[in-house]
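K.L.:
I'm passing along final.cif; it holds mmCIF, C-alpha atoms.
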```
data_coords
#
loop_
_atom_site.label_atom_id
_atom_site.label_comp_id
_atom_site.auth_asym_id
_atom_site.auth_seq_id
_atom_site.Cartn_x
_atom_site.Cartn_y
_atom_site.Cartn_z
CA MET A 24 8.27 9.58 31.52
CA VAL A 25 5.06 10.58 29.75
CA SER A 26 2.19 8.14 30.16
CA VAL A 27 -0.27 7.49 27.36
CA ALA A 28 -3.89 7.17 28.42
CA LEU A 29 -4.76 3.84 26.84
CA ALA A 30 -7.87 3.91 24.71
CA GLU A 31 -11.08 2.29 25.83
CA PRO A 32 -12.49 -0.29 23.38
CA LEU A 33 -15.43 1.07 21.46
CA GLY A 34 -18.86 -0.25 22.26
CA ALA A 35 -20.76 -2.26 19.68
CA ALA A 36 -23.19 0.60 19.13
CA GLU A 37 -20.30 2.88 18.13
CA LEU A 38 -18.87 0.65 15.45
CA PRO A 39 -17.57 1.19 12.87
CA ALA A 40 -15.46 4.23 13.69
CA ASP A 41 -14.79 6.89 11.09
CA PHE A 42 -11.18 7.77 10.35
CA SER A 43 -9.09 10.25 8.38
CA LEU A 44 -6.39 9.47 5.83
CA LEU A 45 -3.32 11.72 5.99
CA MET A 46 -1.10 11.97 2.90
CA PRO A 47 1.70 14.50 2.29
CA VAL A 48 2.69 15.37 -1.28
CA TYR A 49 5.85 17.18 -2.35
CA ARG A 50 7.68 18.17 -5.52
CA GLY A 51 9.54 14.85 -5.76
CA ASP A 52 6.32 12.87 -6.24
CA SER A 53 4.73 12.09 -9.60
CA ALA A 54 1.16 12.88 -10.62
CA SER A 55 0.39 9.35 -11.76
CA ARG A 56 1.59 7.81 -8.51
CA VAL A 57 -0.30 10.35 -6.43
CA ARG A 58 -3.45 9.38 -8.34
CA ARG A 59 -2.75 5.69 -7.80
CA ALA A 60 -2.04 6.18 -4.09
CA VAL A 61 -5.31 8.02 -3.50
CA GLU A 62 -7.33 5.47 -5.47
CA SER A 63 -5.85 2.54 -3.56
CA ASN A 64 -6.56 4.22 -0.21
CA THR A 65 -10.13 5.29 -0.98
CA ALA A 66 -12.20 3.87 -3.83
CA GLU A 67 -10.48 0.47 -3.74
CA GLN A 68 -10.74 -0.04 0.02
CA THR A 69 -13.37 -2.40 1.44
CA ARG A 70 -13.49 0.00 4.38
CA PRO A 71 -12.61 3.48 3.09
CA PRO A 72 -11.75 6.54 5.20
CA ALA A 73 -14.35 9.19 5.94
CA GLN A 74 -11.95 12.00 5.05
CA VAL A 75 -8.73 12.49 3.08
CA VAL A 76 -6.30 15.20 4.18
CA ILE A 77 -3.66 15.98 1.54
CA VAL A 78 -0.83 18.28 2.59
CA ARG A 79 0.98 19.86 -0.35
CA ASP A 80 4.40 20.45 1.15
CA GLY A 81 5.56 23.52 -0.79
CA PRO A 82 5.50 24.21 -4.54
CA VAL A 83 4.99 21.24 -6.84
CA PRO A 84 5.09 20.80 -10.64
CA GLN A 85 1.96 21.90 -12.49
CA GLU A 86 1.01 18.32 -13.36
CA ILE A 87 0.81 17.46 -9.65
CA THR A 88 -1.25 20.60 -8.97
CA ASP A 89 -3.64 19.60 -11.77
CA GLU A 90 -3.88 16.06 -10.38
CA LEU A 91 -4.62 17.34 -6.87
CA ASP A 92 -7.36 19.55 -8.30
CA ARG A 93 -8.83 16.56 -10.10
CA ILE A 94 -8.69 14.41 -6.98
CA SER A 95 -10.37 17.10 -4.89
CA ALA A 96 -13.21 17.35 -7.39
CA ALA A 97 -13.68 13.66 -8.19
CA SER A 98 -12.74 11.69 -5.08
CA SER A 99 -15.34 9.34 -3.66
CA VAL A 100 -14.22 10.50 -0.20
CA PRO A 101 -14.28 14.16 0.93
CA VAL A 102 -10.85 15.75 0.47
CA VAL A 103 -9.27 18.54 2.50
CA ARG A 104 -6.34 20.28 0.79
CA VAL A 105 -3.72 21.97 2.92
CA ASP A 106 -1.30 23.89 0.70
CA LEU A 107 1.94 25.00 2.39
CA GLU A 108 3.64 27.92 0.65
CA ARG A 109 7.13 26.57 1.26
CA ASN A 110 8.59 23.09 1.67
CA ALA A 111 8.43 22.58 5.44
CA GLY A 112 9.60 18.98 5.53
CA LEU A 113 7.79 15.82 6.53
CA THR A 114 7.60 16.53 10.27
CA ASP A 115 5.88 19.90 9.89
CA ALA A 116 3.70 18.65 7.03
CA LEU A 117 2.38 15.78 9.14
CA ASN A 118 1.81 17.88 12.25
CA THR A 119 -0.04 20.45 10.15
CA GLY A 120 -2.11 17.74 8.49
CA LEU A 121 -3.10 16.25 11.85
CA LEU A 122 -4.67 19.58 12.77
CA TRP A 123 -7.05 19.20 9.82
CA CYS A 124 -8.06 15.61 10.53
CA ASP A 125 -11.66 15.46 11.73
CA HIS A 126 -11.26 12.11 13.47
CA ASP A 127 -9.10 10.78 16.30
CA ILE A 128 -8.24 7.71 14.23
CA VAL A 129 -5.79 8.58 11.47
CA ALA A 130 -4.31 6.38 8.76
CA ARG A 131 -1.02 7.34 7.14
CA ALA A 132 -0.19 6.86 3.48
CA ASP A 133 2.61 8.08 1.25
CA ALA A 134 1.96 9.54 -2.18
CA ASP A 135 3.94 6.94 -4.11
CA ASP A 136 2.80 3.77 -2.30
CA ILE A 137 -0.36 1.70 -2.58
CA SER A 138 -2.61 0.14 0.03
CA TYR A 139 -4.15 -3.26 -0.58
CA PRO A 140 -7.97 -3.37 -0.58
CA ASP A 141 -8.40 -4.92 2.87
CA ARG A 142 -5.79 -2.79 4.64
CA PHE A 143 -8.15 -0.68 6.73
CA ALA A 144 -10.66 -3.49 7.20
CA ARG A 145 -7.83 -5.42 8.88
CA GLN A 146 -6.37 -2.57 10.94
CA LEU A 147 -9.41 -0.65 12.18
CA PRO A 148 -10.87 -3.49 14.30
CA LEU A 149 -7.65 -3.56 16.33
CA ILE A 150 -7.82 0.19 16.90
CA GLU A 151 -11.49 -0.12 17.84
CA ALA A 152 -10.57 -2.87 20.30
CA GLY A 153 -8.21 -0.50 22.11
CA ALA A 154 -4.88 -0.38 20.24
CA ASP A 155 -3.18 3.01 19.94
CA LEU A 156 -1.13 2.22 16.82
CA VAL A 157 -1.32 -0.60 14.28
CA GLY A 158 1.24 -1.21 11.55
CA ALA A 159 1.70 -4.05 9.08
CA SER A 160 4.21 -5.85 6.93
CA MET A 161 4.84 -4.35 3.48
CA HIS A 162 5.82 -5.52 0.04
CA GLU A 163 8.55 -3.65 -1.76
CA ILE A 164 7.32 -2.87 -5.27
CA GLY A 165 8.69 -1.21 -8.38
CA ASP A 166 6.77 0.07 -11.38
CA ASP A 167 4.83 -3.19 -11.60
CA GLU A 168 2.85 -3.27 -8.36
CA SER A 169 1.59 -6.79 -9.10
CA ASP A 170 5.12 -8.21 -8.88
CA PRO A 171 6.61 -7.55 -5.40
CA VAL A 172 10.39 -7.68 -5.25
CA ALA A 173 10.72 -8.21 -1.47
CA LEU A 174 8.81 -8.51 1.78
CA ARG A 175 9.41 -6.28 4.78
CA ARG A 176 8.16 -8.47 7.61
CA ALA A 177 6.85 -6.61 10.65
CA PRO A 178 7.58 -7.92 14.16
CA VAL A 179 4.37 -9.18 15.77
CA GLY A 180 3.40 -9.08 19.43
CA TYR A 181 4.19 -6.33 21.92
CA ALA A 182 7.26 -8.02 23.40
CA GLU A 183 8.76 -8.66 19.96
CA ILE A 184 8.02 -5.11 18.81
CA VAL A 185 9.81 -3.75 21.88
CA ARG A 186 12.75 -6.14 21.38
CA VAL A 187 13.19 -5.31 17.71
CA GLY A 188 12.66 -1.63 18.46
CA LYS A 189 15.86 -1.53 20.47
CA ARG A 190 17.81 -2.28 17.27
CA ARG A 191 15.77 -0.82 14.44
CA ASN A 192 12.48 0.80 13.57
CA PRO A 193 9.81 -1.84 14.38
CA ILE A 194 6.91 -0.08 12.62
CA SER A 195 6.70 0.78 8.93
CA HIS A 196 5.49 4.38 8.75
CA PRO A 197 3.49 4.09 5.47
CA SER A 198 1.48 1.23 6.99
CA VAL A 199 0.26 2.78 10.23
CA VAL A 200 -3.13 3.64 11.62
CA PHE A 201 -3.03 5.41 14.97
CA ARG A 202 -5.00 7.36 17.52
CA ARG A 203 -4.12 11.03 17.17
CA SER A 204 -4.66 11.49 20.91
CA ALA A 205 -1.98 8.89 21.67
CA VAL A 206 0.43 10.58 19.26
CA GLU A 207 -0.24 14.00 20.72
CA ALA A 208 0.18 12.67 24.27
CA VAL A 209 3.91 12.13 23.62
CA GLY A 210 4.45 15.39 21.73
CA GLY A 211 3.54 14.43 18.16
CA TYR A 212 6.03 14.24 15.33
CA GLN A 213 9.34 15.89 16.22
CA HIS A 214 12.31 16.93 14.11
CA VAL A 215 14.75 14.02 13.96
CA PRO A 216 16.42 13.86 10.54
CA MET A 217 15.15 10.85 8.56
CA ALA A 218 13.82 9.20 11.72
CA GLU A 219 10.80 11.23 12.85
CA ASP A 220 8.67 8.08 12.77
CA TYR A 221 11.09 5.84 14.70
CA TRP A 222 11.47 8.54 17.36
CA LEU A 223 7.68 8.83 17.67
CA TRP A 224 7.19 5.07 18.04
CA ALA A 225 9.98 4.90 20.65
CA ARG A 226 8.30 7.60 22.72
CA MET A 227 4.93 5.89 22.43
CA LEU A 228 6.36 2.51 23.46
CA ARG A 229 8.24 4.12 26.33
CA ALA A 230 4.99 5.74 27.48
CA GLY A 231 3.12 2.42 27.48
CA ALA A 232 1.05 2.79 24.31
CA ASP A 233 -0.62 -0.30 22.87
CA VAL A 234 1.38 -0.83 19.66
CA ARG A 235 0.69 -3.73 17.31
CA ASN A 236 1.61 -5.06 13.88
CA ILE A 237 -0.33 -7.23 11.44
CA PRO A 238 1.97 -9.90 9.96
CA GLU A 239 0.49 -9.90 6.45
CA PRO A 240 1.64 -7.24 3.97
CA LEU A 241 -1.05 -4.58 3.58
CA VAL A 242 0.96 -1.94 1.71
CA GLY A 243 3.00 -1.90 -1.47
CA TYR A 244 6.02 0.28 -0.66
CA ARG A 245 7.56 1.84 -3.76
CA VAL A 246 11.34 1.50 -4.04
CA SER A 247 13.55 3.04 -6.71
CA ALA A 248 17.18 2.87 -7.73
CA GLY A 249 18.07 5.55 -5.18
CA SER A 250 16.15 4.13 -2.21
CA TYR A 251 19.11 2.31 -0.68
CA GLU A 252 21.67 4.85 -1.84
CA ARG A 253 19.92 7.44 0.34
CA ARG A 254 20.51 5.24 3.40
CA GLY A 255 24.25 5.80 3.27
CA GLY A 256 26.86 8.54 3.54
CA PRO A 257 28.16 11.00 6.16
CA ARG A 258 24.91 12.97 6.40
CA VAL A 259 22.89 9.86 7.20
CA PHE A 260 25.59 8.72 9.62
CA LEU A 261 25.30 11.98 11.58
CA ALA A 262 21.51 11.64 11.59
CA GLU A 263 21.92 8.13 12.97
CA LEU A 264 24.15 9.40 15.78
CA ALA A 265 21.56 12.05 16.66
CA LEU A 266 18.78 9.46 16.79
CA GLN A 267 20.78 7.04 18.94
CA TRP A 268 21.65 9.81 21.38
CA LYS A 269 17.96 10.68 21.74
CA LEU A 270 17.04 7.02 22.30
CA ARG A 271 19.73 6.79 24.96
CA ARG A 272 18.61 9.94 26.75
CA LEU A 273 15.00 8.74 26.64
CA GLY A 274 16.05 5.55 28.38
CA TYR A 275 14.72 3.51 25.49
CA VAL A 276 18.08 1.78 25.01
CA GLY A 277 20.79 1.02 27.57
CA PHE A 278 24.46 1.83 27.16
CA ILE A 279 25.46 -1.49 25.60
CA GLN A 280 22.59 -1.41 23.08
CA TRP A 281 23.35 2.24 22.31
CA ALA A 282 27.03 1.45 21.65
CA THR A 283 26.10 -1.57 19.54
CA ASN A 284 23.67 0.50 17.49
CA VAL A 285 26.24 3.24 16.89
CA ILE A 286 28.77 0.69 15.65
CA VAL A 287 26.44 -1.54 13.61
CA ARG A 288 23.90 0.98 12.32
CA GLY A 289 26.53 3.67 11.91
CA GLY A 290 28.90 1.36 10.05
CA TYR A 291 26.05 0.27 7.79
CA ARG A 292 25.99 3.81 6.36
CA PHE A 293 29.44 3.31 4.78
CA VAL A 294 29.24 -0.18 3.28
CA PRO A 295 28.93 -0.59 -0.52
CA LEU A 296 25.45 -0.02 -1.95
CA ARG A 297 24.78 -3.66 -2.88
CA VAL A 298 25.86 -4.85 0.56
CA ARG A 299 23.65 -2.20 2.16
CA GLU A 300 20.61 -3.34 0.18
CA THR A 301 21.21 -7.02 0.94
CA ALA A 302 21.83 -6.36 4.64
CA TYR A 303 18.70 -4.26 5.02
CA ARG A 304 16.48 -6.79 3.32
CA PHE A 305 17.96 -9.57 5.45
CA MET A 306 17.26 -7.52 8.58
CA VAL A 307 13.64 -6.63 7.85
CA GLY A 308 12.43 -9.60 5.83
CA HIS A 309 13.42 -11.55 2.79
CA ARG A 310 13.39 -11.33 -0.96
CA GLY A 311 10.32 -12.42 -2.82
CA ASN A 312 6.69 -12.32 -1.74
#
```
Before we go any further, please render this structure as structure tokens.
P.N.:
Amino acid sequence: MVSVALAEPLGAAELPADFSLLMPVYRGDSASRVRRAVESNTAEQTRPPAQVVIVRDGPVPQEITDELDRISAASSVPVVRVDLERNAGLTDALNTGLLWCDHDIVARADADDISYPDRFARQLPLIEAGADLVGASMHEIGDDESDPVALRRAPVGYAEIVRVGKRRNPISHPSVVFRRSAVEAVGGYQHVPMAEDYWLWARMLRAGADVRNIPEPLVGYRVSAGSYERRGGPRVFLAELALQWKLRRLGYVGFIQWATNVIVRGGYRFVPLRVRETAYRFMVGHRGN
């Protein structure tokens, strides 16, 4: 088992710590939402990042290219653009982006979500106090970001995060701030179809990393008509089997939990769409804000 060297709390003279924001962009994003995502994670933050790293994952429509050019020129925070010639996928895009981050503390953000103004002001003190990874609850939002449609409640407390993590992903990827050194200590992001984040958190927890969640929603997570449809079908079922096998081999779950996950999480991939949406929202939170 890999051990994570737990971070030492920062001294008062070193506060506040600078951090990088890492955001991948690909052809499926929209220019307007990319603009909104960057604004919410920089100019609107009470504690903004010191650097923004945007990874363009392969070719994108011209309107996104134009928007990225505008952001690079006008952002209130220095922007580093990493343009990948081909679509490498999220795992490679994130690992490449981490190489360009100037700071050990890295905040993640997706190009179609928004961060609430006090997100980093709430998360950074926990990192500075010694945490290796800090997530948060999230609102599900549609086109109207002021009217959340559901709450994804994060498990709080190390024991609860570990308990929930045996059954499902306990950390919402678009909400995290982490120490790059702690991520790299367990091998960074690795290719696990549609579960590269869950697999990373499992390895960090298994290695003894200090993983925390903030109970309040700090991110507006954009959902669309196809969000829950993409969680079902044979391809996703096979990806689920691959993930569960890795968790079992890691020793993160025992045989009974592994078998239960295969049956419950695997079966979930074949239930009707409306049932799938209702079941997922029941599992991670509740409707409303």
K.L.:
Once the PyMOL selection byres ((chain A and resi 236-247) around 6) has been evaluated on this model, what residues remain selected, and can you format them as a ChimeraX atom specification?
P.N.:
/A:136-139,142,157-165,177,179,235,248-250
K.L.:
Work out how far apart atom CA of Asp80 of chain A and atom CA of Glu108 of chain A are and give it in Å to one decimal.
P.N.:
7.5 Å
K.L.:
For the file shown, report as a list of chain:residue names the outcome of the PyMOL selection byres ((chain A and resi 112) around 10) at residue level.
P.N.:
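Written out, the selection comes to A:Pro47, A:Tyr49, A:Asp80, A:Gly81, A:Arg109, A:Asn110, A:Ala111, A:Leu113, A:Thr114, A:Asp115, A:Ala116, A:Leu117, A:His214, A:Pro216.
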K.L.:
Next, dump the selected residues to file, keeping only C-alpha atoms, as a PDB file, in the frame of the given file.
P.N.:
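That gives us result.pdb:
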```
ATOM      1  CA  PRO A  47       1.700  14.500   2.290  1.00  0.00           C
ATOM      2  CA  TYR A  49       5.850  17.180  -2.350  1.00  0.00           C
ATOM      3  CA  ASP A  80       4.400  20.450   1.150  1.00  0.00           C
ATOM      4  CA  GLY A  81       5.560  23.520  -0.790  1.00  0.00           C
ATOM      5  CA  ARG A 109       7.130  26.570   1.260  1.00  0.00           C
ATOM      6  CA  ASN A 110       8.590  23.090   1.670  1.00  0.00           C
ATOM      7  CA  ALA A 111       8.430  22.580   5.440  1.00  0.00           C
ATOM      8  CA  LEU A 113       7.790  15.820   6.530  1.00  0.00           C
ATOM      9  CA  THR A 114       7.600  16.530  10.270  1.00  0.00           C
ATOM     10  CA  ASP A 115       5.880  19.900   9.890  1.00  0.00           C
ATOM     11  CA  ALA A 116       3.700  18.650   7.030  1.00  0.00           C
ATOM     12  CA  LEU A 117       2.380  15.780   9.140  1.00  0.00           C
ATOM     13  CA  HIS A 214      12.310  16.930  14.110  1.00  0.00           C
ATOM     14  CA  PRO A 216      16.420  13.860  10.540  1.00  0.00           C
TER      15      PRO A 216
END
```
K.L.:
Using the chain letters and residue numbers of this document, give as a ChimeraX atom specification the residues selected by the PyMOL selection byres ((chain A and resi 100) around 9).
P.N.:
/A:65-66,71-75,95,97-99,101-102
K.L.:
Kindly indicate which residue among A:Ile150, A:Val276, A:Val215, A:Val200 lies nearest to Arg186 of chain A, using only C-alpha atoms for the distances.
P.N.:
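Among the listed residues, A:Val276 lies closest to Arg186 of chain A.
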